[in-house]
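Scroll down for the structure; my scribbles are underneath it.
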Amino acid sequence: MTSRNDSLFERARKRIPAGVNSPVRAFRAVGGTPPFFERASGPHLWDADGKRYIDYVGSWGPMVLGHTHPAVVEAVQAAASKALSFGAPTEAEVELAEAICRLVPSIEMVRLVSSGTEATMSAIRLARGHTGRSLVVKFEGCYHGHADSLLVKAGSGALTFGNPSSAGVPPETAAHTLVLDFNDTAQMNALFKEKGNQIACVIVEPVAGNMNLVLPKSGFLEALRENCSRHGAVLLFDEVMTGFRVALGGAQARYGIKPDLTTLGKVIGGGLPVGAFGGKRDIMEKIAPLGPVYQAGTLSGNPVAVAAGLATLKLVEEKGFQSKIEATTKLLVEGLMAEARKASVVFSAQSIGSMFGLYFRAAPPTSFAEVMQCDKDRFNKFFHHMLERGVYLAPSAYEAGFVSASHGHAEIDATLAAAREAFKS
Ligand code: KE4
């Protein structure tokens, strides 16, 4: 990596753990020095040495319009010139709540927070408060932020209580979380049969994007819905990543499943800190100060962040937005597969909406175990070849990629040209 990135990384590591404010940014999965970015526009990023990259991370999802979209920058500047924060109600946050409820009809009431973690942490507490039950079910490979109850890996057997996946999470806390295998409907049915009436909620990424991209098998989400309804458990769709990416109304719109609660983030902040949890009115009315489940936040509904979110959603819901970005993403993955075939490299790729997955495996994985069969070393080599050629992919074989509305044919062609070289070597 170039000298300024190296010197900045060295300086950063003195005062910030691993030199980063979020682990995946440290490049420990792929090795090397991460570029320190200075500015962005549309599909492009520029690092501290002025090197330009085509961006397929998009800040891990928020930058669906492309970077520094004029309408969003203008909205932020206008809001900031009036106030940076009140800690009191504003019309803008009512507008954002109304927009979210309109675009995701399963959400009848919503509470804004400042991150996806806050959204899922609050939604879990709400589900437990609403049902009076403690057990939470999640799926291995799905990530829902870093709240204690969610940093849990499978126990000795999937149907036994979980163990902490991070230091600092008390075993007693992890014991209330069960971890199942994504897409394993039989296992889920067996759990509900045995413990259904003890389950407060099931939290799932309806399309998994944190173990690379893994799509739900047909029947999996339907079985989840049916089991939760039958046993009075809350079905919580974590759409922090899939919301407004997999479809305008999220994965729930695409797959026609109505969850009881939904968490959102990323796109609804347009790059600024906004998360949200919402759903059925009778559940949401349990939230303080209306109900007994406490939840709060100094900067929840922050006017500047809400302005960015509102400006972003306005453009995202424009006619043709989703179909255009979906077509571009398809062009990218089909092109990459064609280049890999030409170079006889074992590779597969898939996309859904504006999200995509790249796999050094003959076919896209349908489970966590199959994701683990992907050739990580080949991905890491591919990642660095692409980075050298000015293409910035997610720095881990276990992350999904993102296309923005500002990516056009020029970016796709340049990416495919870089991939042609990378696959050759
Ligand atoms: P945040 O607390 O990072 O805003 O959101 C947590 C979260 C919750 N739910 C889902 C489905 C998510 O994808 C995320 C965060 N996604 C990661 C990307 N793998 C953020 C990147 C990072 O951790 O730096």
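Labels used: A, B, ... for chains in the order of the structure tokens, numbers from 1 for residues in each chain, and numbers from 1 for ligands as shown.
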Worksheet item: Once you count only C-alpha atoms and all ligand atoms, which residues end up within 8 Å of ligand 1, and could you hand them over as a ChimeraX atom specification?
Response: /A:21-25,59-61,114-120,142-146,205,208-210,238-242,263-266,273-275,399-400
Practice prompt. Report the residues of region 298-373 of chain A whose backbone DSSP state falls under strand (DSSP E or B), written as number ranges by chain.
Written response: A: 348-352, 355-359
Surrounding residues of Ala12 (chain A) excluding itself and chain neighbours under 4 positions, 12 Å, only C-alpha atoms, as a CSV table (one decimal) with N, CA and C atoms, in the first residue's frame:
```csv
chain,number,residue,atom,x,y,z
A,4,ARG,N,1.6,7.2,2.2
A,4,ARG,CA,0.8,7.9,3.2
A,4,ARG,C,-0.2,7.0,3.9
A,5,ASN,N,-0.7,6.0,3.2
A,5,ASN,CA,-1.6,5.1,3.9
A,5,ASN,C,-0.9,4.4,5.0
A,6,ASP,N,0.4,4.0,4.7
A,6,ASP,CA,1.2,3.3,5.7
A,6,ASP,C,1.5,4.1,6.9
A,7,SER,N,1.9,5.4,6.6
A,7,SER,CA,2.2,6.2,7.8
A,7,SER,C,1.0,6.6,8.6
A,8,LEU,N,-0.1,6.8,7.9
A,8,LEU,CA,-1.4,7.1,8.7
A,8,LEU,C,-1.8,5.9,9.5
A,16,ILE,N,-5.7,4.1,18.3
A,16,ILE,CA,-7.0,3.4,18.1
A,16,ILE,C,-6.7,1.9,18.0
A,17,PRO,N,-7.4,1.1,18.7
A,17,PRO,CA,-7.1,-0.4,18.6
A,17,PRO,C,-7.1,-0.8,17.2
A,18,ALA,N,-6.0,-1.4,16.8
A,18,ALA,CA,-5.8,-1.9,15.4
A,18,ALA,C,-5.9,-0.8,14.4
A,19,GLY,N,-5.9,0.5,14.9
A,19,GLY,CA,-5.9,1.6,14.0
A,19,GLY,C,-7.3,1.9,13.3
A,20,VAL,N,-8.3,1.2,13.8
A,20,VAL,CA,-9.6,1.4,13.1
A,20,VAL,C,-10.8,1.5,14.2
A,21,ASN,N,-11.9,2.0,13.7
A,21,ASN,CA,-13.0,2.2,14.6
A,21,ASN,C,-14.1,1.1,14.4
A,26,ALA,N,-9.8,-3.1,9.4
A,26,ALA,CA,-8.3,-3.3,9.6
A,26,ALA,C,-7.6,-4.2,8.6
A,33,THR,N,-2.3,-3.1,4.2
A,33,THR,CA,-2.6,-1.8,4.8
A,33,THR,C,-3.9,-1.2,4.2
A,34,PRO,N,-4.9,-0.9,5.0
A,34,PRO,CA,-6.1,-0.3,4.4
A,34,PRO,C,-5.9,1.1,3.8
A,36,PHE,N,-6.5,4.9,3.5
A,36,PHE,CA,-7.2,5.9,4.3
A,36,PHE,C,-7.9,6.8,3.3
```
Discussion item. Using only C-alpha atoms, can you tell me which of A:Pro364, A:Asn302, A:Arg378, A:Ala397 comes closest to Val76 (chain A)?
Written reply: A:Asn302
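For the residues A:Val204, A:Leu358, A:Leu315, A:Ala78, ranking by smallest atom-to-atom distance to Glu334 (chain A) using only C-alpha atoms places A:Leu358 first.
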Fill in: In region 187-408 of chain A, DSSP alpha helix (DSSP H) residues written as a PyMOL selection string
chain A and resi 187-195+220-231+251-255+281-284+303-316+321-342+368-371+376-388
Item to complete: Find the residues around Glu172 (chain A) up to 10 Å (only C-alpha atoms counted), leave out those fewer than 4 positions away in its own chain, and share them as a PyMOL selection string.
Response: chain A and resi 149+161-164+176-177
Item to complete: Pick out the closest residue to Pro259 (chain A) from this set: A:Cys228, A:Ala362, A:Ala307, A:Leu313. Count only C-alpha atoms.
Response: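 Ranked by minimum distance to Pro259 (chain A), first place goes to A:Cys228.
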Compile the contact shell of Gly58 (chain A) as a compact mmCIF listing (two decimals) with C-alpha atoms, in the first residue's frame: residues with an atom at most 8 Å away, counting only C-alpha atoms, same-chain residues fewer than 6 positions apart removed.
```
# COMPACT_ATOMS: atom_id res chain seq x y z
CA VAL A 64 -27.02 3.42 -2.39
CA GLY A 66 -23.50 6.90 -4.75
CA HIS A 67 -21.27 9.17 -2.66
CA PHE A 402 -22.87 -3.19 -2.92
CA VAL A 403 -23.54 -1.31 -6.16
CA SER A 404 -24.86 2.25 -6.19
```
Item to complete: Just the residues within 9 Å of region 189-195 of chain A, please, counting only C-alpha atoms, with nothing from its chain fewer than 3 positions along; format it as a list in words.
Response: Ala158, Leu159, Leu180, Asp184, Thr185, Ala186, Gln198, Ile199, Ala223, Leu224, Asn227, Cys228 and His231 of chain A
Might you pull out every residue within 12 Å of Ala343 (chain A), with only C-alpha atoms counted and same-chain residues fewer than 2 positions away left off, and present them as a JSON list (two decimals) with N, CA and C atoms, in the first residue's frame?
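Written file, result26.json:
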```
[["chain", "number", "residue", "atom", "x", "y", "z"],
["A", 336, "LEU", "N", -18.33, -10.84, -14.29],
["A", 336, "LEU", "CA", -17.27, -11.46, -13.49],
["A", 336, "LEU", "C", -17.24, -12.97, -13.73],
["A", 337, "MET", "N", -18.43, -13.58, -13.80],
["A", 337, "MET", "CA", -18.47, -15.03, -14.04],
["A", 337, "MET", "C", -17.93, -15.36, -15.42],
["A", 338, "ALA", "N", -18.23, -14.52, -16.40],
["A", 338, "ALA", "CA", -17.71, -14.76, -17.76],
["A", 338, "ALA", "C", -16.19, -14.66, -17.77],
["A", 339, "GLU", "N", -15.64, -13.65, -17.08],
["A", 339, "GLU", "CA", -14.18, -13.51, -17.05],
["A", 339, "GLU", "C", -13.52, -14.69, -16.35],
["A", 340, "ALA", "N", -14.15, -15.18, -15.26],
["A", 340, "ALA", "CA", -13.57, -16.32, -14.52],
["A", 340, "ALA", "C", -13.58, -17.56, -15.41],
["A", 341, "ARG", "N", -14.69, -17.73, -16.16],
["A", 341, "ARG", "CA", -14.79, -18.91, -17.04],
["A", 341, "ARG", "C", -13.68, -18.87, -18.08],
["A", 345, "VAL", "N", -11.09, -20.25, -13.93],
["A", 345, "VAL", "CA", -10.99, -20.14, -12.47],
["A", 345, "VAL", "C", -12.32, -20.59, -11.85],
["A", 346, "VAL", "N", -12.23, -21.44, -10.81],
["A", 346, "VAL", "CA", -13.44, -21.90, -10.12],
["A", 346, "VAL", "C", -14.01, -20.72, -9.34],
["A", 347, "PHE", "N", -15.15, -20.22, -9.79],
["A", 347, "PHE", "CA", -15.68, -18.96, -9.24],
["A", 347, "PHE", "C", -17.17, -18.92, -9.51],
["A", 419, "ALA", "N", -10.70, -7.38, -13.41],
["A", 419, "ALA", "CA", -10.92, -8.79, -13.03],
["A", 419, "ALA", "C", -10.26, -9.72, -14.05],
["A", 420, "ARG", "N", -10.29, -9.31, -15.33],
["A", 420, "ARG", "CA", -9.67, -10.16, -16.38],
["A", 420, "ARG", "C", -8.19, -10.38, -16.02],
["A", 421, "GLU", "N", -7.52, -9.28, -15.65],
["A", 421, "GLU", "CA", -6.11, -9.37, -15.26],
["A", 421, "GLU", "C", -5.95, -10.20, -13.98],
["A", 422, "ALA", "N", -6.82, -9.90, -13.03],
["A", 422, "ALA", "CA", -6.70, -10.57, -11.72],
["A", 422, "ALA", "C", -6.90, -12.07, -11.85],
["A", 423, "PHE", "N", -7.94, -12.49, -12.61],
["A", 423, "PHE", "CA", -8.20, -13.93, -12.77],
["A", 423, "PHE", "C", -7.03, -14.60, -13.49],
["A", 424, "LYS", "N", -6.42, -13.87, -14.44],
["A", 424, "LYS", "CA", -5.31, -14.46, -15.21],
["A", 424, "LYS", "C", -4.17, -14.83, -14.26],
["A", 425, "SER", "N", -3.91, -13.90, -13.31],
["A", 425, "SER", "CA", -2.75, -14.16, -12.43],
["A", 425, "SER", "C", -3.20, -15.08, -11.29]]
```
Worksheet item: So how far away is CA of Val57 (chain A) from CA of Thr415 (chain A), in Å?
Response: 13.7 Å
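Distances to Tyr255 (chain A) were evaluated for A:Ile203, A:Ile352, A:Ala308, A:Val371 using only C-alpha atoms, and the minimum falls at A:Ile352.
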Practice prompt. Would you please work out which residue, of A:Pro170, A:Gly353, A:Gly250, A:Gly87, is nearest to Glu326 (chain A) when using only C-alpha atoms?
Written response: A:Gly353
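Closest approach to Tyr398 (chain A) from the set A:Thr68, A:Asn380, A:Ser122, A:Asn212 is made by A:Asn212, with distances taken over only C-alpha atoms.
Rounded to one decimal, CA of Gly129 (chain A) and CA of Gly219 (chain A) lie 29.0 Å from each other.
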